[in-house]
Each structure stands twice: as C-alpha cells, then as structure tokens.
Amino acid sequence: MIVVLAPGPLATVQDLGRPGLAHLGISPSGAADRPSHIRANTLVGNDLGAATIEMTLGRLRVRFESTTTIAVTGAPCVLKLDGVVVPHGTAVGVLAGQELRVGAPSSGLRTYLAVAGGLDVPPTLGSRSTDTLSGLGPAPLRSGQVLPVAPSRTALGPPRRTESGAHGASGTEGASGAHGASGTDGASGTDGAGPDGPLTVTPGPRADWFTDAARETLCRTAWIVSTDTNRVGARLNGPALDRAVTRELPSEAMVAGALQVPPDGRPILFLADHPVTGGYPVIAVVAEADLPRAAQLRPGAAVRFRAR
C-alpha cells in the first residue's frame with residue numbers, strides 16, 4: 001500500500017484510459033503524457049497499462065507500506081527517499097516505511113510515479129483513470145488516502161542499501177550514485193517532456209472558416225500557455241484568429257490535440273480529458289506524436305505550431 005501524505009497541486013491515478021466510448025459521451029482520458037507513463041511502468045516491470053500517479057507540478061509526498069520498486073518519469077523533479085536524493089528515470093528500490101518527496105519540476109508540467117505491480121484502485125468502465133471532466137474514475141488524490149498496490153511481477157531483485165542510504169533495485173550503478181535498473185533521464189524529451197521545437201498540426205477540419213491571415217497567424221505566433229490550463233485543455237494567449245465564416249456551427253466530434261477557437265479568437269488546445277463534442281470551429285489538430293509534448297506545456301510557456 002501507499003499512503004498519500006500530501007498530493008501536491010493535483011495528483012490523479014492514470015492508466016491508458018477508456019478508448020472507444022465516445023459514442024457514449026465518454027472521453028478516452030488516461031495519462032496525458034503517455035510515453036512517460038509507459039516508461040515508468042517499463043522501468044518497474046509492469047504491464048504498460050498499469051495505473052500510475054500523474055502529478056501536476058510535482059510536490060507529492062507518499063509513504064510506502066511495503067518493500068517495492070518505483071520509478072519516476074516525465075517532468076524532471078528532485079526526488080528524495082527518506083531525505084536522500086534518488087535518480088529520476090531509473091528504477092529505485094524502496095523499503096517498507098520509507099517516504100518519497102517529489103519536488104517541483106524544473107521544466108515541464110506532469111510527472112509520473114509507477115510502483116511495481118501498479119495501483120490497484122477499482123476500475124470504472126475498464127480503466128482506473130481519473131477523468132476530471134466527467135468525474136469518472138477515482139477522485140484526485142488527497143492527504144491521508146491509502147492506495148492499494150497489485151502484486152508485483154517484476155524480475156528486479158530486492159532493494160539493497162547503498163553507502164549513501166538510498167536503495168537500488170538491481171546493483172547496476174546509476175549516474176547519480178544510487179543503484180537502479182535503467183538509466184536515462186527523460187527530461188530532455190525521451191519521456192515526452194521538454195519543448196523540442198514547434199508542434200506539428202494538420203489544418204482543419206474547419207480551417208476554411210478562418211481568414212487566410214488567421215491561418216498564417218496560427219503558425220507564425222509564439223502562443224503563451226495561460227494559467228487557465230488543466231487536463232481538459234490549455235488556453236493559449238496571443239492574437240485573435242479572425243473567422244471568415246461567422247455563423248453558428250453544430251456540435252462536432254473532438255479529439256485530443258484539437259485547436260478549437262471560441263468567440264474571443266484565442267485557441268484552446270484540447271488534452272486528455274477533452275469533451276467528445278464541441279460547438280466552436282477547429283482550425284487545426286496537433287499530430288498524435290506531439291501530444292506528449294503538448295501535455296508538458298506549463299503556464300507561461302511559449303508554443304509554436306508548424307503545418308504539415
């Protein structure tokens with residue numbers, strides 16, 4: 001079991017979501033940065049769809065009630081296990097009773113904690129993910145909450161104490177001096193975190209509802225992520241995108257990555273918990289391969305788009 005001592009600004013349980021239920025009005029949800037979620041599970045020997053903790057801006061504190069193996073990926077944070085710094089992006093052994101403190105990320109927005117076996121909260125419609133828009137799945141984590149953990153199938157050996165007091169899972173020396181099972185930190189983009197150039201977009205399906213100048217402005221502007229951002233989407237500040245067609249639009253299907261433009265002309269980038277339909281035109285859609293980087297955009301960050 002894991003005891004949540006402090007959840008930070010927002011911490012939720014996430015897996016790979018609920019695909020295929022849009023006809024019921026249910027978004028896929030799931031981990032916003034899927035490569036980081038998958039990497040964390042891979043490091044501890046879990047199935048890729050095992051449930052992890054997704055943190056927004058870090059600051060999680062948890063205590064482990066039994067000996068296990070953990071990995072933290074995504075937006076890079078300082079990690080301290082009973083006060084000893086342990087590496088990000090590496091499997092780390094934990095003894096019963098130890099406390100993990102996650103700092104605020106130095107870049108990016110979302111960080112993932114996997115524990116061997118995966119979180120064993122009850123599934124809803126086939127997923128353990130929290131959908132913050134619909135309310136499906138477990139509520140966001142709260143102080144004092146106890147999270148059950150499924151039995152581990154990992155092949156990693158038991159933790160052993162190092163000279164520094166940290167505990168490693170396998171006996172291979174990591175770059176920071178702790179012992180881990182793998183070794184590259186994903187802060188620069190291998191986990192999906194970190195801005196690596198513009199996000200690729202496909203124009204449409206309603207690009208023709210905007211002026212030529214608006215379509216050019218979309219890809220010429222350094223948009224600023226507003227403070228009004230969450231798992232549903234990120235509002236972007238910048239010049240208004242003027243419409244060529246001003247009539248009302250019947251509700252249409254929405255997907256993660258859709259750049260929907262409300263009446264004020266400033267786009268909203270839909271993320272994991274997006275609504276399944278929307279009534280404002282979509283000028284372009286971010287490529288699926290770039291969605292993990294979109295999920296790591298924090299308030300105040302600049303983002304550019306590049307049309308295919």
# chains A, B, ... in the order shown; residues from 1 in each chain; ligands from 1
>>> closest_atom_pairs(of="segment 87-113 of chain A", to="segment 278-300 of chain A", cutoff="8 Å", atoms="only C-alpha atoms", output="tab-separated table")
residue	atom	partner	partner_atom	distance
A:Gly108	CA	A:Gln296	CA	4.7
A:Leu109	CA	A:Gln296	CA	4.8
A:Arg110	CA	A:Gln296	CA	5.9
>>> write_last_selection(atoms="N, CA and C atoms", output="PDB file, in the first residue's frame")
ATOM      1  N   GLY A 108       8.693  21.429 -17.767  1.00  0.00           N
ATOM      2  CA  GLY A 108       7.543  20.570 -17.973  1.00  0.00           C
ATOM      3  C   GLY A 108       6.495  20.727 -16.880  1.00  0.00           C
ATOM      4  N   LEU A 109       5.472  19.900 -16.940  1.00  0.00           N
ATOM      5  CA  LEU A 109       4.309  20.059 -16.074  1.00  0.00           C
ATOM      6  C   LEU A 109       3.914  18.791 -15.341  1.00  0.00           C
ATOM      7  N   ARG A 110       4.005  17.645 -16.021  1.00  0.00           N
ATOM      8  CA  ARG A 110       3.443  16.411 -15.463  1.00  0.00           C
ATOM      9  C   ARG A 110       4.523  15.352 -15.255  1.00  0.00           C
TER      10      ARG A 110
END
>>> select_by_dssp(residues="segment 90-304 of chain A", states="strand (DSSP E)", output="PyMOL selection string")
chain A and resi 92-94+99-102+110-115+146-147+160-161+167-168+172-173+179-180+199-203+223-229+233-237+252-253+258-260+268-270+277-278+282-286+302-303
>>> residues_around(residues="Gln14 of chain A", least_positions_apart="5", cutoff="12 Å", atoms="only C-alpha atoms", output="PyMOL selection string")
chain A and resi 28-34+36-38+41+48-55+110-114+118-121+123-124+127-132+136-141+231+272-273
>>> residues_around(residues="Met254 of chain A", least_positions_apart="6", cutoff="9 Å", atoms="only C-alpha atoms", output="PDB file with all heavy atoms, in the first residue's frame")
ATOM      1  N   GLN A 260      -9.450  24.268 -30.879  1.00  0.00           N
ATOM      2  CA  GLN A 260     -10.778  24.852 -31.015  1.00  0.00           C
ATOM      3  C   GLN A 260     -10.684  26.348 -30.735  1.00  0.00           C
ATOM      4  O   GLN A 260      -9.986  26.777 -29.806  1.00  0.00           O
ATOM      5  CB  GLN A 260     -11.742  24.197 -30.034  1.00  0.00           C
ATOM      6  CG  GLN A 260     -13.194  24.623 -30.221  1.00  0.00           C
ATOM      7  CD  GLN A 260     -14.092  24.034 -29.154  1.00  0.00           C
ATOM      8  OE1 GLN A 260     -13.913  24.327 -27.976  1.00  0.00           O
ATOM      9  NE2 GLN A 260     -15.054  23.218 -29.550  1.00  0.00           N
ATOM     10  N   PHE A 270      -6.977  21.079 -26.846  1.00  0.00           N
ATOM     11  CA  PHE A 270      -7.598  20.020 -26.055  1.00  0.00           C
ATOM     12  C   PHE A 270      -6.580  18.926 -25.723  1.00  0.00           C
ATOM     13  O   PHE A 270      -5.767  18.525 -26.566  1.00  0.00           O
ATOM     14  CB  PHE A 270      -8.791  19.414 -26.785  1.00  0.00           C
ATOM     15  CG  PHE A 270     -10.054  20.226 -26.671  1.00  0.00           C
ATOM     16  CD1 PHE A 270     -10.930  20.339 -27.740  1.00  0.00           C
ATOM     17  CD2 PHE A 270     -10.371  20.874 -25.495  1.00  0.00           C
ATOM     18  CE1 PHE A 270     -12.096  21.076 -27.639  1.00  0.00           C
ATOM     19  CE2 PHE A 270     -11.541  21.629 -25.376  1.00  0.00           C
ATOM     20  CZ  PHE A 270     -12.402  21.727 -26.456  1.00  0.00           C
ATOM     21  N   HIS A 274     -10.499  15.944 -22.758  1.00  0.00           N
ATOM     22  CA  HIS A 274     -11.294  16.825 -23.618  1.00  0.00           C
ATOM     23  C   HIS A 274     -12.741  16.346 -23.733  1.00  0.00           C
ATOM     24  O   HIS A 274     -13.024  15.143 -23.590  1.00  0.00           O
ATOM     25  CB  HIS A 274     -10.668  16.880 -25.012  1.00  0.00           C
ATOM     26  CG  HIS A 274     -10.708  15.559 -25.733  1.00  0.00           C
ATOM     27  ND1 HIS A 274     -11.789  15.134 -26.471  1.00  0.00           N
ATOM     28  CD2 HIS A 274      -9.800  14.551 -25.811  1.00  0.00           C
ATOM     29  CE1 HIS A 274     -11.556  13.937 -26.975  1.00  0.00           C
ATOM     30  NE2 HIS A 274     -10.356  13.559 -26.585  1.00  0.00           N
ATOM     31  N   PRO A 275     -13.672  17.273 -24.016  1.00  0.00           N
ATOM     32  CA  PRO A 275     -15.042  16.842 -24.297  1.00  0.00           C
ATOM     33  C   PRO A 275     -15.079  16.073 -25.614  1.00  0.00           C
ATOM     34  O   PRO A 275     -14.215  16.257 -26.481  1.00  0.00           O
ATOM     35  CB  PRO A 275     -15.818  18.164 -24.394  1.00  0.00           C
ATOM     36  CG  PRO A 275     -14.780  19.173 -24.776  1.00  0.00           C
ATOM     37  CD  PRO A 275     -13.507  18.740 -24.106  1.00  0.00           C
ATOM     38  N   VAL A 276     -16.083  15.231 -25.786  1.00  0.00           N
ATOM     39  CA  VAL A 276     -16.149  14.432 -27.014  1.00  0.00           C
ATOM     40  C   VAL A 276     -16.794  15.208 -28.157  1.00  0.00           C
ATOM     41  O   VAL A 276     -16.661  14.815 -29.320  1.00  0.00           O
ATOM     42  CB  VAL A 276     -16.889  13.100 -26.784  1.00  0.00           C
ATOM     43  CG1 VAL A 276     -16.119  12.245 -25.788  1.00  0.00           C
ATOM     44  CG2 VAL A 276     -18.309  13.327 -26.312  1.00  0.00           C
ATOM     45  N   THR A 277     -17.502  16.303 -27.842  1.00  0.00           N
ATOM     46  CA  THR A 277     -18.057  17.163 -28.885  1.00  0.00           C
ATOM     47  C   THR A 277     -17.802  18.618 -28.518  1.00  0.00           C
ATOM     48  O   THR A 277     -17.529  18.948 -27.361  1.00  0.00           O
ATOM     49  CB  THR A 277     -19.576  16.963 -29.057  1.00  0.00           C
ATOM     50  OG1 THR A 277     -20.242  17.294 -27.831  1.00  0.00           O
ATOM     51  CG2 THR A 277     -19.907  15.527 -29.446  1.00  0.00           C
ATOM     52  N   GLY A 278     -17.891  19.491 -29.524  1.00  0.00           N
ATOM     53  CA  GLY A 278     -17.719  20.917 -29.295  1.00  0.00           C
ATOM     54  C   GLY A 278     -18.415  21.709 -30.374  1.00  0.00           C
ATOM     55  O   GLY A 278     -18.572  21.229 -31.507  1.00  0.00           O
ATOM     56  N   VAL A 282     -12.701  24.087 -35.284  1.00  0.00           N
ATOM     57  CA  VAL A 282     -11.331  23.635 -35.036  1.00  0.00           C
ATOM     58  C   VAL A 282     -10.490  24.031 -36.244  1.00  0.00           C
ATOM     59  O   VAL A 282     -10.722  23.563 -37.356  1.00  0.00           O
ATOM     60  CB  VAL A 282     -11.290  22.112 -34.807  1.00  0.00           C
ATOM     61  CG1 VAL A 282      -9.850  21.610 -34.758  1.00  0.00           C
ATOM     62  CG2 VAL A 282     -12.024  21.763 -33.519  1.00  0.00           C
TER      63      VAL A 282
END
>>> select_by_dssp(residues="segment 176-292 of chain A", states="helix (DSSP H, G or I)", output="PDB file with all heavy atoms, in the first residue's frame")
ATOM      1  N   GLY A 186      14.548  11.284 -18.713  1.00  0.00           N
ATOM      2  CA  GLY A 186      13.797  11.726 -19.876  1.00  0.00           C
ATOM      3  C   GLY A 186      13.517  13.195 -19.931  1.00  0.00           C
ATOM      4  O   GLY A 186      12.654  13.622 -20.681  1.00  0.00           O
ATOM      5  N   ALA A 187      14.220  14.020 -19.153  1.00  0.00           N
ATOM      6  CA  ALA A 187      13.866  15.418 -19.070  1.00  0.00           C
ATOM      7  C   ALA A 187      14.007  16.158 -20.377  1.00  0.00           C
ATOM      8  O   ALA A 187      13.340  17.144 -20.610  1.00  0.00           O
ATOM      9  CB  ALA A 187      14.728  16.104 -18.008  1.00  0.00           C
ATOM     10  N   SER A 188      14.864  15.692 -21.264  1.00  0.00           N
ATOM     11  CA  SER A 188      15.098  16.428 -22.496  1.00  0.00           C
ATOM     12  C   SER A 188      14.179  16.001 -23.620  1.00  0.00           C
ATOM     13  O   SER A 188      14.268  16.501 -24.720  1.00  0.00           O
ATOM     14  CB  SER A 188      16.553  16.237 -22.945  1.00  0.00           C
ATOM     15  OG  SER A 188      16.783  14.882 -23.263  1.00  0.00           O
ATOM     16  N   ALA A 207     -10.618  24.715 -41.063  1.00  0.00           N
ATOM     17  CA  ALA A 207      -9.664  25.776 -41.382  1.00  0.00           C
ATOM     18  C   ALA A 207     -10.279  26.803 -42.336  1.00  0.00           C
ATOM     19  O   ALA A 207      -9.942  27.989 -42.285  1.00  0.00           O
ATOM     20  CB  ALA A 207      -8.406  25.180 -41.994  1.00  0.00           C
ATOM     21  N   ASP A 208     -11.208  26.342 -43.196  1.00  0.00           N
ATOM     22  CA  ASP A 208     -11.815  27.262 -44.160  1.00  0.00           C
ATOM     23  C   ASP A 208     -12.794  28.239 -43.503  1.00  0.00           C
ATOM     24  O   ASP A 208     -13.268  29.169 -44.161  1.00  0.00           O
ATOM     25  CB  ASP A 208     -12.522  26.478 -45.265  1.00  0.00           C
ATOM     26  CG  ASP A 208     -13.603  25.533 -44.758  1.00  0.00           C
ATOM     27  OD1 ASP A 208     -13.567  25.170 -43.559  1.00  0.00           O
ATOM     28  OD2 ASP A 208     -14.497  25.163 -45.544  1.00  0.00           O
ATOM     29  N   TRP A 209     -13.081  28.058 -42.227  1.00  0.00           N
ATOM     30  CA  TRP A 209     -13.921  29.012 -41.506  1.00  0.00           C
ATOM     31  C   TRP A 209     -13.114  30.215 -41.012  1.00  0.00           C
ATOM     32  O   TRP A 209     -13.668  31.119 -40.400  1.00  0.00           O
ATOM     33  CB  TRP A 209     -14.594  28.326 -40.314  1.00  0.00           C
ATOM     34  CG  TRP A 209     -15.813  27.525 -40.714  1.00  0.00           C
ATOM     35  CD1 TRP A 209     -15.928  26.624 -41.721  1.00  0.00           C
ATOM     36  CD2 TRP A 209     -17.101  27.575 -40.091  1.00  0.00           C
ATOM     37  NE1 TRP A 209     -17.190  26.103 -41.770  1.00  0.00           N
ATOM     38  CE2 TRP A 209     -17.935  26.665 -40.770  1.00  0.00           C
ATOM     39  CE3 TRP A 209     -17.630  28.276 -39.008  1.00  0.00           C
ATOM     40  CZ2 TRP A 209     -19.264  26.465 -40.424  1.00  0.00           C
ATOM     41  CZ3 TRP A 209     -18.957  28.062 -38.653  1.00  0.00           C
ATOM     42  CH2 TRP A 209     -19.768  27.172 -39.352  1.00  0.00           C
ATOM     43  N   ASP A 212      -7.457  33.862 -44.355  1.00  0.00           N
ATOM     44  CA  ASP A 212      -6.091  33.465 -44.717  1.00  0.00           C
ATOM     45  C   ASP A 212      -5.100  33.994 -43.691  1.00  0.00           C
ATOM     46  O   ASP A 212      -4.146  33.293 -43.306  1.00  0.00           O
ATOM     47  CB  ASP A 212      -5.735  34.005 -46.113  1.00  0.00           C
ATOM     48  CG  ASP A 212      -6.526  33.322 -47.216  1.00  0.00           C
ATOM     49  OD1 ASP A 212      -7.078  32.228 -46.974  1.00  0.00           O
ATOM     50  OD2 ASP A 212      -6.586  33.888 -48.330  1.00  0.00           O
ATOM     51  N   ALA A 213      -5.326  35.216 -43.228  1.00  0.00           N
ATOM     52  CA  ALA A 213      -4.419  35.825 -42.249  1.00  0.00           C
ATOM     53  C   ALA A 213      -4.440  35.040 -40.942  1.00  0.00           C
ATOM     54  O   ALA A 213      -3.388  34.851 -40.306  1.00  0.00           O
ATOM     55  CB  ALA A 213      -4.809  37.273 -42.004  1.00  0.00           C
ATOM     56  N   ALA A 214      -5.608  34.571 -40.543  1.00  0.00           N
ATOM     57  CA  ALA A 214      -5.709  33.807 -39.300  1.00  0.00           C
ATOM     58  C   ALA A 214      -4.942  32.497 -39.409  1.00  0.00           C
ATOM     59  O   ALA A 214      -4.243  32.092 -38.469  1.00  0.00           O
ATOM     60  CB  ALA A 214      -7.165  33.539 -38.963  1.00  0.00           C
ATOM     61  N   ARG A 215      -5.058  31.809 -40.535  1.00  0.00           N
ATOM     62  CA  ARG A 215      -4.340  30.539 -40.712  1.00  0.00           C
ATOM     63  C   ARG A 215      -2.827  30.760 -40.684  1.00  0.00           C
ATOM     64  O   ARG A 215      -2.074  29.945 -40.148  1.00  0.00           O
ATOM     65  CB  ARG A 215      -4.787  29.863 -42.006  1.00  0.00           C
ATOM     66  CG  ARG A 215      -6.247  29.399 -41.981  1.00  0.00           C
ATOM     67  CD  ARG A 215      -6.549  28.450 -43.120  1.00  0.00           C
ATOM     68  NE  ARG A 215      -6.453  29.101 -44.429  1.00  0.00           N
ATOM     69  CZ  ARG A 215      -7.464  29.696 -45.050  1.00  0.00           C
ATOM     70  NH1 ARG A 215      -8.656  29.758 -44.457  1.00  0.00           N
ATOM     71  NH2 ARG A 215      -7.295  30.238 -46.230  1.00  0.00           N
ATOM     72  N   GLU A 216      -2.386  31.880 -41.267  1.00  0.00           N
ATOM     73  CA  GLU A 216      -0.956  32.201 -41.223  1.00  0.00           C
ATOM     74  C   GLU A 216      -0.520  32.572 -39.806  1.00  0.00           C
ATOM     75  O   GLU A 216       0.563  32.179 -39.351  1.00  0.00           O
ATOM     76  CB  GLU A 216      -0.652  33.353 -42.190  1.00  0.00           C
ATOM     77  CG  GLU A 216      -0.830  32.989 -43.657  1.00  0.00           C
ATOM     78  CD  GLU A 216      -0.603  34.178 -44.571  1.00  0.00           C
ATOM     79  OE1 GLU A 216      -0.282  35.271 -44.051  1.00  0.00           O
ATOM     80  OE2 GLU A 216      -0.744  34.021 -45.793  1.00  0.00           O
ATOM     81  N   THR A 217      -1.375  33.308 -39.112  1.00  0.00           N
ATOM     82  CA  THR A 217      -1.046  33.732 -37.742  1.00  0.00           C
ATOM     83  C   THR A 217      -0.880  32.541 -36.821  1.00  0.00           C
ATOM     84  O   THR A 217      -0.009  32.544 -35.934  1.00  0.00           O
ATOM     85  CB  THR A 217      -2.152  34.661 -37.200  1.00  0.00           C
ATOM     86  OG1 THR A 217      -2.191  35.848 -38.005  1.00  0.00           O
ATOM     87  CG2 THR A 217      -1.905  35.044 -35.748  1.00  0.00           C
ATOM     88  N   LEU A 218      -1.676  31.501 -37.023  1.00  0.00           N
ATOM     89  CA  LEU A 218      -1.584  30.320 -36.161  1.00  0.00           C
ATOM     90  C   LEU A 218      -0.157  29.786 -36.119  1.00  0.00           C
ATOM     91  O   LEU A 218       0.353  29.429 -35.047  1.00  0.00           O
ATOM     92  CB  LEU A 218      -2.537  29.230 -36.656  1.00  0.00           C
ATOM     93  CG  LEU A 218      -2.485  27.915 -35.864  1.00  0.00           C
ATOM     94  CD1 LEU A 218      -3.027  28.106 -34.462  1.00  0.00           C
ATOM     95  CD2 LEU A 218      -3.246  26.810 -36.595  1.00  0.00           C
ATOM     96  N   CYS A 219       0.513  29.733 -37.260  1.00  0.00           N
ATOM     97  CA  CYS A 219       1.849  29.131 -37.331  1.00  0.00           C
ATOM     98  C   CYS A 219       2.978  30.153 -37.262  1.00  0.00           C
ATOM     99  O   CYS A 219       4.149  29.759 -37.274  1.00  0.00           O
ATOM    100  CB  CYS A 219       1.961  28.296 -38.595  1.00  0.00           C
ATOM    101  SG  CYS A 219       0.907  26.829 -38.596  1.00  0.00           S
ATOM    102  N   ARG A 220       2.654  31.429 -37.181  1.00  0.00           N
ATOM    103  CA  ARG A 220       3.688  32.458 -37.067  1.00  0.00           C
ATOM    104  C   ARG A 220       3.818  33.004 -35.645  1.00  0.00           C
ATOM    105  O   ARG A 220       4.763  33.740 -35.346  1.00  0.00           O
ATOM    106  CB  ARG A 220       3.385  33.623 -38.013  1.00  0.00           C
ATOM    107  CG  ARG A 220       3.595  33.298 -39.480  1.00  0.00           C
ATOM    108  CD  ARG A 220       3.333  34.520 -40.335  1.00  0.00           C
ATOM    109  NE  ARG A 220       3.604  34.263 -41.752  1.00  0.00           N
ATOM    110  CZ  ARG A 220       3.389  35.137 -42.725  1.00  0.00           C
ATOM    111  NH1 ARG A 220       2.928  36.350 -42.413  1.00  0.00           N
ATOM    112  NH2 ARG A 220       3.649  34.824 -43.976  1.00  0.00           N
ATOM    113  N   GLU A 288      -0.649  13.356 -33.336  1.00  0.00           N
ATOM    114  CA  GLU A 288      -0.663  12.470 -32.163  1.00  0.00           C
ATOM    115  C   GLU A 288       0.727  12.316 -31.561  1.00  0.00           C
ATOM    116  O   GLU A 288       0.876  12.257 -30.339  1.00  0.00           O
ATOM    117  CB  GLU A 288      -1.224  11.109 -32.561  1.00  0.00           C
ATOM    118  CG  GLU A 288      -1.378  10.141 -31.394  1.00  0.00           C
ATOM    119  CD  GLU A 288      -2.022   8.831 -31.795  1.00  0.00           C
ATOM    120  OE1 GLU A 288      -2.305   8.648 -32.998  1.00  0.00           O
ATOM    121  OE2 GLU A 288      -2.246   7.984 -30.909  1.00  0.00           O
ATOM    122  N   ALA A 289       1.755  12.273 -32.404  1.00  0.00           N
ATOM    123  CA  ALA A 289       3.117  12.094 -31.902  1.00  0.00           C
ATOM    124  C   ALA A 289       3.580  13.262 -31.046  1.00  0.00           C
ATOM    125  O   ALA A 289       4.509  13.103 -30.235  1.00  0.00           O
ATOM    126  CB  ALA A 289       4.076  11.903 -33.072  1.00  0.00           C
ATOM    127  N   ASP A 290       2.966  14.433 -31.212  1.00  0.00           N
ATOM    128  CA  ASP A 290       3.370  15.621 -30.457  1.00  0.00           C
ATOM    129  C   ASP A 290       2.509  15.873 -29.226  1.00  0.00           C
ATOM    130  O   ASP A 290       2.774  16.813 -28.465  1.00  0.00           O
ATOM    131  CB  ASP A 290       3.336  16.861 -31.350  1.00  0.00           C
ATOM    132  CG  ASP A 290       4.536  16.931 -32.285  1.00  0.00           C
ATOM    133  OD1 ASP A 290       5.473  16.128 -32.093  1.00  0.00           O
ATOM    134  OD2 ASP A 290       4.543  17.770 -33.200  1.00  0.00           O
ATOM    135  N   LEU A 291       1.489  15.042 -29.002  1.00  0.00           N
ATOM    136  CA  LEU A 291       0.617  15.251 -27.847  1.00  0.00           C
ATOM    137  C   LEU A 291       1.351  15.136 -26.508  1.00  0.00           C
ATOM    138  O   LEU A 291       1.041  15.892 -25.578  1.00  0.00           O
ATOM    139  CB  LEU A 291      -0.565  14.282 -27.887  1.00  0.00           C
ATOM    140  CG  LEU A 291      -1.605  14.553 -28.980  1.00  0.00           C
ATOM    141  CD1 LEU A 291      -2.708  13.492 -28.933  1.00  0.00           C
ATOM    142  CD2 LEU A 291      -2.201  15.944 -28.839  1.00  0.00           C
ATOM    143  N   PRO A 292       2.329  14.228 -26.365  1.00  0.00           N
ATOM    144  CA  PRO A 292       3.054  14.192 -25.081  1.00  0.00           C
ATOM    145  C   PRO A 292       3.747  15.517 -24.770  1.00  0.00           C
ATOM    146  O   PRO A 292       3.747  15.956 -23.614  1.00  0.00           O
ATOM    147  CB  PRO A 292       4.061  13.049 -25.286  1.00  0.00           C
ATOM    148  CG  PRO A 292       3.426  12.160 -26.291  1.00  0.00           C
ATOM    149  CD  PRO A 292       2.718  13.094 -27.221  1.00  0.00           C
TER     150      PRO A 292
END
>>> residues_around(residues="Ala234 of chain A", least_positions_apart="4", cutoff="6 Å", atoms="only C-alpha atoms", output="tab-separated table (two decimals) with C-alpha atoms, in the first residue's frame")
chain	number	residue	atom	x	y	z
A	229	THR	CA	-4.90	25.09	-18.24
A	268	ILE	CA	-7.86	26.11	-26.80
A	269	LEU	CA	-5.62	23.07	-27.17
>>> atom_distance(atom1="atom CA of Asn46 of chain A", atom2="atom CA of Thr69 of chain A")
10.5 Å
>>> residues_around(residues="Glu99 of chain A", least_positions_apart="6", cutoff="6 Å", atoms="only C-alpha atoms", output="list in words")
Val62, Arg63, Leu81 and Asp82 of chain A
>>> atom_distance(atom1="atom CA of Ala301 of chain A", atom2="atom CA of Ala75 of chain A")
13.8 Å
